[in-house]
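Report on one structure; see the data block that follows.
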Amino acid sequence: ATLARAQQEPSDATLPNDAAPAMSEAAPSPSEAARRACGGGSTTGCFSLAVMYGSGTGVAQDKAQAAQLYQKACDGGIASACSNLGAMYAEGDGVTQDKARATRLWERACQGGSAARCTDVAAMYDDADGVEENKPKAVQLYRKACQGGHAVGCFELGSMYDDGDGVPSSRSEAARLYTQACEGGCAAGCFNVGAMYAVGQGVRQDVARAAGFYQRACDTGYAAGCFSLGSLYDEGRGVTQDEALAAQLYQKGCAGGIEQACRSAARQRLTTP
């Protein structure tokens with residue numbers, strides 16, 4: 001009953017001090033919250049703060065401070081921090097360029113579950129980029145990347161089998177890996193396995209299947225795929241001959257920088273009535 005009466009009575013414009021509701025403390029800004037978390041030992045907080053300093057989000061941009069915080073988070077087991085810091089050292093972004101250090105950081109990121117960084121560090125060992133060439137290690141890391149779902153890792157490993165570079169040459173294994181890369185969205189993988197089906201290299205020749213792979217490569221902007229598919233339509237190999245479609249595909253290939261596609265397009269214009 002007392003509560004009901006209190007609700008019905010008009011309220012005062014101001015309340016006595018002892019009746020005033022307690023004011024809650026203002027929530028800290030994202031940067032301040034991350035700073036406090038990092039200071040309290042949270043590696044996630046350090047990583048978040050590093051991202052803010054690196055991009056200048058909510059704080060003045062400070063790449064050197066970002067690098068220090070990424071190192072702290074990396075040492076705390078955050079693979080993304082190792083990855084980002086490695087990129088800074090690889091590019092000399094806010095720190096002195098040091099590809100050997102980038103390699104070590106990306107290896108830590110790879111071991112922490114970053115399949116993309118497995119590919120990156122494999123490429124450094126493959127190309128002797130900042131580290132001593134080590135083909136067996138490159139193969140191992142490309143394989144790890146591929147098994148982790150990174151399509152480019154599958155493609156690069158396929159290239160090594162295709163060329164017999166660091167592994168015994170195996171065109172069939174190359175074709176399998178190129179197919180896996182293609183299924184993962186790597187247009188170069190689609191093109192390469194298409195070329196293998198076109199001539200029967202490492203697989204049984206199947207020009208119709210080659211056309212399908214070339215189409216997938218072309219659809220994702222891979223100009224060589226457009227040119228090769230255009231050639232098939234021009235000649236009627238594996239597909240129904242269609243010179244008009246061939247012309248369109250040649251133009252796509254030409255626009256993508258394939259000189260042979262430009263020549264084929266010009267030749268077709270001269271021979272078309």
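Every chain in the structure tokens takes a letter, A first, then B, and so on in the order presented; its residues are numbered from 1, and the ligands are numbered from 1 following the presented order.
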* To do: May I have the residues within 7 Å of Leu141 of chain A as a PyMOL selection string, using only C-alpha atoms and disregarding those fewer than 2 positions away in the same chain?
  => chain A and resi 118-119+122+137-139+143-145
For the residues in that selection, give me C-alpha atoms as a PDB file, in the first residue's frame.
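What follows is the written file result-v5.pdb:
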```pdb
ATOM      1  CA  CYS A 118      52.365 -21.163 -43.236  1.00  0.00           C
ATOM      2  CA  THR A 119      52.182 -20.336 -46.940  1.00  0.00           C
ATOM      3  CA  ALA A 122      57.094 -21.424 -46.909  1.00  0.00           C
ATOM      4  CA  LYS A 137      61.066 -26.974 -45.155  1.00  0.00           C
ATOM      5  CA  ALA A 138      59.133 -25.084 -47.819  1.00  0.00           C
ATOM      6  CA  VAL A 139      57.430 -28.331 -48.865  1.00  0.00           C
ATOM      7  CA  ARG A 143      51.698 -28.973 -47.022  1.00  0.00           C
ATOM      8  CA  LYS A 144      50.693 -27.727 -43.578  1.00  0.00           C
ATOM      9  CA  ALA A 145      49.075 -24.673 -45.171  1.00  0.00           C
TER      10      ALA A 145
END
```
Each segment 151-209 of chain A residue no farther than 12 Å from segment 228-232 of chain A, nearest pair in Å, only C-alpha atoms, as a tab-separated table:
```
residue	atom	partner	partner_atom	distance
A:Cys190	CA	A:Ser228	CA	11.8
A:Phe191	CA	A:Ser228	CA	8.8
A:Asn192	CA	A:Ser228	CA	10.9
A:Gly194	CA	A:Ser228	CA	9.2
A:Ala195	CA	A:Ser228	CA	8.4
A:Ala198	CA	A:Leu232	CA	9.5
A:Val207	CA	A:Leu232	CA	8.5
A:Ala208	CA	A:Leu232	CA	9.2
A:Arg209	CA	A:Leu229	CA	11.1
```
Dump of C-alpha atoms for the selected residues, as a short mmCIF file (atom, residue, chain, number, x, y, z; two decimals), in the first residue's frame:
```cif
data_model
loop_
_atom_site.label_atom_id
_atom_site.label_comp_id
_atom_site.auth_asym_id
_atom_site.auth_seq_id
_atom_site.Cartn_x
_atom_site.Cartn_y
_atom_site.Cartn_z
CA CYS A 190 41.85 -23.87 -61.85
CA PHE A 191 43.88 -22.70 -64.82
CA ASN A 192 46.78 -25.09 -64.25
CA GLY A 194 42.61 -27.10 -66.83
CA ALA A 195 45.78 -26.98 -68.89
CA ALA A 198 43.57 -30.10 -72.08
CA VAL A 207 39.08 -31.22 -73.09
CA ALA A 208 35.49 -30.67 -71.93
CA ARG A 209 36.67 -30.83 -68.35
#
```
* **Spatial neighbours of Pro28 of chain A, max dist 12 Å, only C-alpha atoms, sep filter under 6 positions, as a list in words** => Ala34, Arg35, Arg36, Ala37 and Gly58 of chain A
Counting only C-alpha atoms, what is within 10 Å of Leu245 of chain A, bar same-chain residues fewer than 2 positions away, as a CSV table (one decimal) with C-alpha atoms, in the first residue's frame?
```
chain,number,residue,atom,x,y,z
A,229,LEU,CA,38.7,-20.9,-73.0
A,230,GLY,CA,38.4,-18.6,-76.0
A,233,TYR,CA,35.4,-22.1,-78.4
A,234,ASP,CA,37.3,-20.7,-81.5
A,241,GLN,CA,32.2,-23.9,-81.6
A,242,ASP,CA,31.2,-20.3,-81.0
A,243,GLU,CA,33.3,-17.7,-82.6
A,247,ALA,CA,35.9,-13.1,-79.5
A,248,GLN,CA,34.4,-12.0,-76.1
A,249,LEU,CA,36.8,-14.3,-74.2
A,250,TYR,CA,39.8,-13.1,-76.3
A,251,GLN,CA,38.9,-9.5,-75.4
```
* Asked: If you count only C-alpha atoms, which residues fall within 9 Å of Thr220 of chain A, apart from same-chain ones fewer than 3 positions away, as a list in words?
  ->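 Selected residues are Gly185, Cys186, Ala187, Gln215, Arg216, Ala217 and Ala223 of chain A.
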* Asked: Nearest to Gln147 of chain A among A:Gly202, A:Gly39, A:Gly184, A:Gly236, with distances taken over only C-alpha atoms: which residue is it?
  ->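 Closest to Gln147 of chain A, using only C-alpha atoms: A:Gly184.
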* Asked: Which is closer to Pro30 of chain A than all the others in A:Thr43, A:Thr57, A:Thr240, A:Ser172, using only C-alpha atoms?
  -> A:Thr57
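Of note, atom CA of Ala33 of chain A and atom CA of Gly45 of chain A are spaced 7.9 Å apart.
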* To do: Do a neighbour search on segment 69-85 of chain A at 6 Å with only C-alpha atoms, toss out local chain neighbours closer than 6 positions, and write the hits as a list in words.
  => Thr43, Cys46, Phe47, Ala50, Leu105, Trp106, Ala109 and Gly112 of chain A
* Can you list every residue in segment 86-179 of chain A that DSSP puts in alpha helix (DSSP H), as an MDAnalysis selection string? -> chainID A and resid 86:91 99:111 115:127 135:147 151:163 171:179
* **Who sits within 9 Å of Val131 of chain A, only C-alpha atoms, same chain under 3 positions skipped, as a ChimeraX atom specification** => /A:99-100,103,124-125,127-128,134
* Distance criterion (only C-alpha atoms): nearest to Val95 of chain A out of A:Arg263, A:Arg204, A:Arg176, A:Lys63 ->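 Closest to Val95 of chain A, using only C-alpha atoms: A:Lys63.
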* Provide the atom CA of Gly94 of chain A to atom CA of Ala64 of chain A distance in Å, to one decimal place. => 5.7 Å
